[in-house]
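Report on the structure given below.
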Amino acid sequence: MPRFSVIVPAYQVQAYLHECLESVLSQSYPDLEVIAVDDGSPDACGEIIEEFAARDPRVRPLHLPENVGLGPARNAGLAEATGDYVLFLDSDDTLTPDTLEAIADRLKETGEPDVLMYDYATTDWTGRAERNKFAEHLTEQGPAPFRLEDRPGLLRVLMVAWNKAYRREFVTRTGLTFPPGFYEDTPWTYPALMAAESIATLDRVCVHYRQRRRGSILSTTSRRHFDVFDQYDRVFAFIAERPELARWRPLMFRRMVDHLTTVFTRPGRLPHGTRAEFLRRARAHSRRYRTPGAPVPLRTRLRHTLVHLGLHRTYRALQAAARLRRRTAKLTAKLTRALRAGLLQAHYRIQLRLPLRADRAVFAAYWGRGHGCNPGALEAAFRTFAPHVRTAWIARPEHQHTIPPGPRPLRPGTPAYWTALARSKYLVNNVNFDRRLVKRPGQVFVQTQHGTPLKHMGLDLQEHPAAARDMDFEELLRGVDKWDYVLSANRHTTLTWERVYPGGYTTLEYGYPRNDVFQRATDADVARLREELGVPRDTVAVLYAPTHRDYRRTQRPALDLERFVRRLGSRFVILARAHYWQPAALPADGHVIDVTGHPSAESVCLASDVLITDYSSIMFDYANLDRPIVLHVPDDDWAAYEAARGTYFDVRACPPGAVARSEDELIDIFATGHWRGSRSAQLRAAFRERFCPYDDGRAAERVVRHVVLGQTGVPAVVPPSERRPVPSVASAHPRPPLATVPQPSGPLTVTAAENRR
């Protein structure tokens with residue numbers, strides 16, 4: 001008897017069925033059966049199912065003689081199921097990797113509940129994924145298992161069959177079946193949750209729910225949307241047959257009215273001329289099942305009243321009025337923005353005619369993301385070494401909280417913002433300011449940049465259109481012409497910047513100010529940062545920081561973090577930090593801490609014991625800590641990155657530590673302790689000599705003394721061999737063997753066989 005029965009009904013989905021079945025059969029948890037139901041599909045679905053059954057005995061094909069619809073097709077698969085737990089998966093959706101293993105672990109942890117509810121992400125036809133917005137209800141905090149009355153908020157999560165695992169014995173005992181027609185999930189999921197004696201949650205995206213370009217069946221115009229009334233008749237009949245569930249009747253009534261109004265108001269569902277009929281049926285259902293007791297929010301109270309009274313014309317008139325109000329508000333907002341923009345530019349032109357303020361400096365970083373990076377370190381150095389200069393920091397509203405006491409906070413697009421740009425003598429940024437900035441005589445623009453270049457930058461992107469996208473190179477050079485100084489951390493960076501950003505600026509090869517903290521931090525600082533981030537005591541904190549792939553529409557981490565941590569055991573914890581251009585955070589659980597939103601990359605580096613990265617420039621900064629660095633660079637990924645983005649050198653030939661060309665090699669490097677072996681230390685030392693010659697903790701001071709104070713005798717540089725950066729926490733602990741970690745099979749091909757020496 002298998003652990004899981006995965007039921008996959010298929011009808012006219014030949015383009016997606018391969019991917020769906022592969023996502024199930026490739027799961028790391030193999031104890032399963034797939035009941036693939038060909039629902040009389042006229043396309044090649046039946047043949048595809050037979051092909052999979054021929055190659056994998058876990059696939060059990062079931063061919064229905066005629067199309068019966070999704071609900072009855074699921075019932076047919078359910079009748080054949082033999083697993084302990086039943087899962088449903090629509091044939092155009094997919095399971096995420098290691099989903100069944102995560103579900104099996106959670107079922108065991110929570111004592112084999114009747115229902116396990118897990119999360120999903122919606123993926124559109126472009127490949128963009130967005131996690132369920134009610135994911136907070138799936139938290140694993142608190143007692144488990146539980147009953148629905150303990151966490152009724154679960155009813156806000158999408159009521160579908162495919163985001164849950166059901167104990168088959170519970171399904172049989174409760175008599176759950178799917179009805180025919182549209183909205184077949186409604187009389188299955190509500191009864192399942194109400195009747196379950198034990199429920200648990202899994203806070204993990206297990207399903208990618210595909211939204212096709214042409215939409216789903218429910219987005220088609222059809223009278224079959226009237227099936228929703230029959231489905232709620234079934235829900236209330238289920239409650240009526242079980243007096244112990246009567247307490248759910250008020251809430252089910254409210255959910256029903258909400259659902260009916262959604263169907264009524266959603267464009268394109270009801271055929272022309274049927275809306276009045278639909279509202280009459282809705283009124284009848286409202287009066288039939290009306291049960292006081294469930295509070296109705298004020299914003300939906302009007303809709304409930306209109307349904308209860310059946311005021312079709314009133315409803316239509318209010319909808320039309322609401323549409324007119326939205327259009328008017330949109331037009332008014334557009335005109336207001338245009339008027340405000342004109343007034344601000346007039347204000348800016350006036351400010352440009354007023355004298356410069358030699359005692360003012362304005363700073364920004366990463367297009368207004370907040371206080372940090374090289375400009376952040378320089379801003380603090382201005383206040384220390386040139387206290388007569390008053391500083392201001394530009395940040396968008398959501399990043400204002402990152403600004404420390406001292407600089408004046410500014411918001412982009414405000415009169416104060418344009419005044420600061422017009423009249424401050426010093427302009428400091430790690431990207432360009434607003435393209436409308438007029439560089440005045442006497443103003444000093446310090447371009448700090450934000451990393452040592454490994455990937456192609458500036459004019460070199462002309463040869464890489466996939467990465468350059470729609471970059472305006474003429475506009476880029478107009479921005480370069482405003483620079484007076486450009487910071488550099490090493491000779492490679494200097495030579496690269498002066499070629500790809502040609503201009504009349506002066507290069508200051510002083511090191512990167514943001515790295516000063518690595519030489520100045522103390523053991524107490526590291527301990528405090530680890531505590532703030534939630535790093536458990538006596539664990540090795542692995543910072544995983546992959547770079548952005550400009551040429552990909554979606555950003556998927558090349559490393560399976562959950563598998564990595566699971567293989568290494570509880571002594572390791574991952575600090576996962578996605579690139580700032582990546583919209584979604586990296587997956588996180590008990591041993592994976594998402595630090596993407598932390599405002600300071602330097603603080604995250606200090607809290608960690610080792611870095612895993614690919615082509616990110618963070619490796620050049622992290623090397624200043626003299627802590628282990630491991631590169632995860634699969635050969636196929638390197639080839640794609642090199643072709644699409646281009647690199648200035650092959651980092652695999654001169655790495656800062658061990659290089660893994662596969663996930664199994666990476667696990668082996670950590671399992672055997674080679675990540676901090678002597679050969680890795682030698683590679684790191686050579687890397688530091690080449691790329692970190694000036695980052696001795698006084699880079700910001702050198703810049704301020706040169707640019708602001710006009711001093712030529714800036715502090716001398718301390719060589720890398722004489723620096724003593726704060727050690728990691730793990731370096732103070734003995735190195736216990738990790739022989740209990742399962743070793744991956746296959747040959748090991750670490751760069752230069754370095755870690756076998």
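How things are named: the first chain in the structure tokens is A, the next is B, and so on; residues count from 1 in each chain; ligands count from 1 in the order shown.
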
Q: Determine which residues of stretch 707-738 of chain A DSSP labels as helix (DSSP H, G or I) from the backbone of this structure, then write them out as a list in words.
A: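 Residues of stretch 707-738 of chain A classed as helix (DSSP H, G or I): Val707, Pro720, Ser721, Glu722, Ala730, Ser731 and Ala732 of chain A.
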
How would the residues just picked look written out with N, CA and C atoms as a PDB file, in the first residue's frame?
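Saved the output as part_17.pdb:
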```pdb
ATOM      1  N   VAL A 707      38.368  64.351  -0.868  1.00  0.00           N
ATOM      2  CA  VAL A 707      37.337  65.087  -1.606  1.00  0.00           C
ATOM      3  C   VAL A 707      36.880  66.329  -0.858  1.00  0.00           C
ATOM      4  N   PRO A 720      46.846  43.334   3.312  1.00  0.00           N
ATOM      5  CA  PRO A 720      45.910  42.282   3.748  1.00  0.00           C
ATOM      6  C   PRO A 720      46.513  41.324   4.767  1.00  0.00           C
ATOM      7  N   SER A 721      47.802  41.005   4.636  1.00  0.00           N
ATOM      8  CA  SER A 721      48.416  40.043   5.549  1.00  0.00           C
ATOM      9  C   SER A 721      48.507  40.561   6.979  1.00  0.00           C
ATOM     10  N   GLU A 722      48.421  41.885   7.159  1.00  0.00           N
ATOM     11  CA  GLU A 722      48.542  42.460   8.500  1.00  0.00           C
ATOM     12  C   GLU A 722      47.190  42.834   9.109  1.00  0.00           C
ATOM     13  N   ALA A 730      32.051  30.257  14.122  1.00  0.00           N
ATOM     14  CA  ALA A 730      32.411  28.858  13.884  1.00  0.00           C
ATOM     15  C   ALA A 730      33.907  28.625  13.991  1.00  0.00           C
ATOM     16  N   SER A 731      34.718  29.650  13.705  1.00  0.00           N
ATOM     17  CA  SER A 731      36.171  29.466  13.746  1.00  0.00           C
ATOM     18  C   SER A 731      36.677  29.220  15.157  1.00  0.00           C
ATOM     19  N   ALA A 732      35.874  29.588  16.153  1.00  0.00           N
ATOM     20  CA  ALA A 732      36.301  29.406  17.539  1.00  0.00           C
ATOM     21  C   ALA A 732      35.957  28.019  18.073  1.00  0.00           C
TER      22      ALA A 732
END
```

Could you pull the residues within 8 Å of A:Pro375, counting only C-alpha atoms, minus those fewer than 2 positions along the same chain, as a CSV table (one decimal) with C-alpha atoms, in the first residue's frame?
```csv
chain,number,residue,atom,x,y,z
A,363,PHE,CA,23.4,60.9,-0.4
A,364,ALA,CA,21.4,58.1,-1.9
A,365,ALA,CA,21.9,54.4,-2.8
A,371,HIS,CA,20.8,54.0,4.0
A,372,GLY,CA,23.6,51.6,3.2
A,373,CYS,CA,26.3,50.4,0.9
A,377,ALA,CA,29.5,54.4,5.0
A,378,LEU,CA,30.6,57.7,3.4
A,379,GLU,CA,27.7,59.6,5.0
A,428,VAL,CA,27.0,60.9,-3.4
A,429,ASN,CA,25.4,57.9,-5.0
A,430,ASN,CA,26.2,54.3,-6.0
A,448,THR,CA,30.8,55.1,-5.3
A,513,PRO,CA,33.8,52.3,2.3
A,514,ARG,CA,31.1,49.7,2.9
```

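You will find atom CA of A:Ile574 at 11.1 Å from atom CA of A:Ala607.
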
Q: Could you jot down the atom CA of A:Ala700 to atom CA of A:Val604 separation for me, Å, one decimal place?
A: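 Between atom CA of A:Ala700 and atom CA of A:Val604 the gap is 20.2 Å.
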
Q.
One decimal, in Å: what's the spacing between atom CA of A:Asn490 and atom CA of A:Arg688?
A. 10.2 Å

(Q) Applying 10 Å and only C-alpha atoms, which residues near A:Leu461 remain after dropping the ones on its own chain fewer than 3 positions away? List them as a ChimeraX atom specification. (A) /A:455-458,464-469,471,473,500,644-646

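Considering the residues A:Val659, A:Val729, A:Leu410, A:Phe4 and counting only C-alpha atoms, A:Ala527 has its shortest atom-to-atom contact with A:Val729.
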
Residues of stretch 363-516 of chain A in strand (DSSP E) according to DSSP, as a PDB file with C-alpha atoms, in the first residue's frame?
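Output contents, as saved in result20.pdb:
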```
ATOM      1  CA  PHE A 363      23.383  60.908  -0.402  1.00  0.00           C
ATOM      2  CA  ARG A 390      25.334  68.797   6.973  1.00  0.00           C
ATOM      3  CA  THR A 391      24.174  65.579   5.337  1.00  0.00           C
ATOM      4  CA  ALA A 392      20.821  64.488   3.894  1.00  0.00           C
ATOM      5  CA  TRP A 393      19.708  61.040   2.733  1.00  0.00           C
ATOM      6  CA  ILE A 394      17.221  60.280  -0.066  1.00  0.00           C
ATOM      7  CA  ARG A 408      18.145  64.757   7.176  1.00  0.00           C
ATOM      8  CA  PRO A 409      15.647  62.293   5.614  1.00  0.00           C
ATOM      9  CA  LEU A 410      14.407  63.231   2.129  1.00  0.00           C
ATOM     10  CA  SER A 424      24.128  70.798  -2.152  1.00  0.00           C
ATOM     11  CA  LYS A 425      27.806  70.946  -3.052  1.00  0.00           C
ATOM     12  CA  TYR A 426      28.391  67.203  -2.612  1.00  0.00           C
ATOM     13  CA  LEU A 427      26.316  64.551  -4.389  1.00  0.00           C
ATOM     14  CA  VAL A 428      27.038  60.933  -3.437  1.00  0.00           C
ATOM     15  CA  ASN A 429      25.384  57.859  -4.951  1.00  0.00           C
ATOM     16  CA  VAL A 444      31.055  67.492  -6.688  1.00  0.00           C
ATOM     17  CA  PHE A 445      29.522  64.146  -7.673  1.00  0.00           C
ATOM     18  CA  VAL A 446      31.114  61.111  -6.006  1.00  0.00           C
ATOM     19  CA  GLN A 447      30.073  57.906  -7.780  1.00  0.00           C
ATOM     20  CA  TYR A 485      35.102  60.966  -8.670  1.00  0.00           C
ATOM     21  CA  VAL A 486      34.629  57.197  -9.008  1.00  0.00           C
ATOM     22  CA  LEU A 487      35.637  54.823  -6.217  1.00  0.00           C
ATOM     23  CA  THR A 506      39.091  60.978 -11.307  1.00  0.00           C
ATOM     24  CA  THR A 507      39.355  57.424  -9.996  1.00  0.00           C
ATOM     25  CA  LEU A 508      40.022  57.089  -6.265  1.00  0.00           C
TER      26      LEU A 508
END
```

Fewer than 6 positions away in the same chain doesn't count, so skip those; otherwise give me all residues within 7 Å of A:Leu87, counting only C-alpha atoms, as a short mmCIF file (atom, residue, chain, number, x, y, z; two decimals) with N, CA, C and O atoms, in the first residue's frame.
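See selection12.cif below for the written result:
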```cif
data_model
loop_
_atom_site.label_atom_id
_atom_site.label_comp_id
_atom_site.auth_asym_id
_atom_site.auth_seq_id
_atom_site.Cartn_x
_atom_site.Cartn_y
_atom_site.Cartn_z
N SER A 5 -1.66 8.55 -2.73
CA SER A 5 -2.34 8.39 -4.02
C SER A 5 -2.56 9.79 -4.58
O SER A 5 -3.26 10.60 -3.97
N VAL A 6 -1.94 10.07 -5.73
CA VAL A 6 -2.09 11.38 -6.37
C VAL A 6 -3.02 11.20 -7.56
O VAL A 6 -2.70 10.49 -8.52
N ILE A 7 -4.18 11.84 -7.50
CA ILE A 7 -5.21 11.68 -8.53
C ILE A 7 -5.13 12.87 -9.48
O ILE A 7 -5.25 14.03 -9.06
N TRP A 162 -7.07 20.76 -4.30
CA TRP A 162 -5.69 20.40 -4.57
C TRP A 162 -4.66 21.04 -3.66
O TRP A 162 -3.45 20.87 -3.89
N LYS A 164 -4.58 20.34 -0.38
CA LYS A 164 -4.72 19.57 0.86
C LYS A 164 -4.40 18.11 0.59
O LYS A 164 -4.58 17.61 -0.53
N ALA A 165 -3.93 17.42 1.64
CA ALA A 165 -3.79 15.97 1.62
C ALA A 165 -4.83 15.41 2.59
O ALA A 165 -4.98 15.91 3.71
N TYR A 166 -5.56 14.37 2.16
CA TYR A 166 -6.68 13.83 2.94
C TYR A 166 -6.37 12.38 3.31
O TYR A 166 -5.97 11.58 2.45
#
```

Q: Find the residues around A:Val160 up to 10 Å (only C-alpha atoms counted), leave out those fewer than 5 positions away in its own chain, and share them as a ChimeraX atom specification.
A: /A:88,183-190
